[in-house]
Amino acid sequence: MRRLVGDAERARRVGQALATQGLVEHLISVDPQMAAVREIIGRMGFEDGALFIAGVALVSYMLSMR
């Protein structure tokens, strides 16, 4: 079994890569789940859409625990 060993230099490089300006926005724009959330919110409005999304997430979580 391989042990993970902390490496400060590697952690710094990974942190810098993740801090790239616009990376989070890009990942959100290409995420199919975020596209579905935008569509639901657009069709149902913010409050009803948010409740629907939270309900679906809860059911999904409950089913995954079986």
# chains A, B, ... in the order shown; residues from 1 in each chain; ligands from 1
$ select_by_dssp --residues "stretch 3-47 of chain A" --states "helix (DSSP H, G or I)" --output "ChimeraX atom specification"
/A:8-18,23-30,32-44,46-47
$ residues_around --residues "stretch 35-40 of chain A" --least-positions-apart "5" --cutoff "8 Å" --atoms "only C-alpha atoms" --output "PyMOL selection string"
chain A and resi 29-30+45+49+53
$ atom_distance --atom1 "atom CA of A:Gln21" --atom2 "atom CA of A:Gly42"
27.3 Å
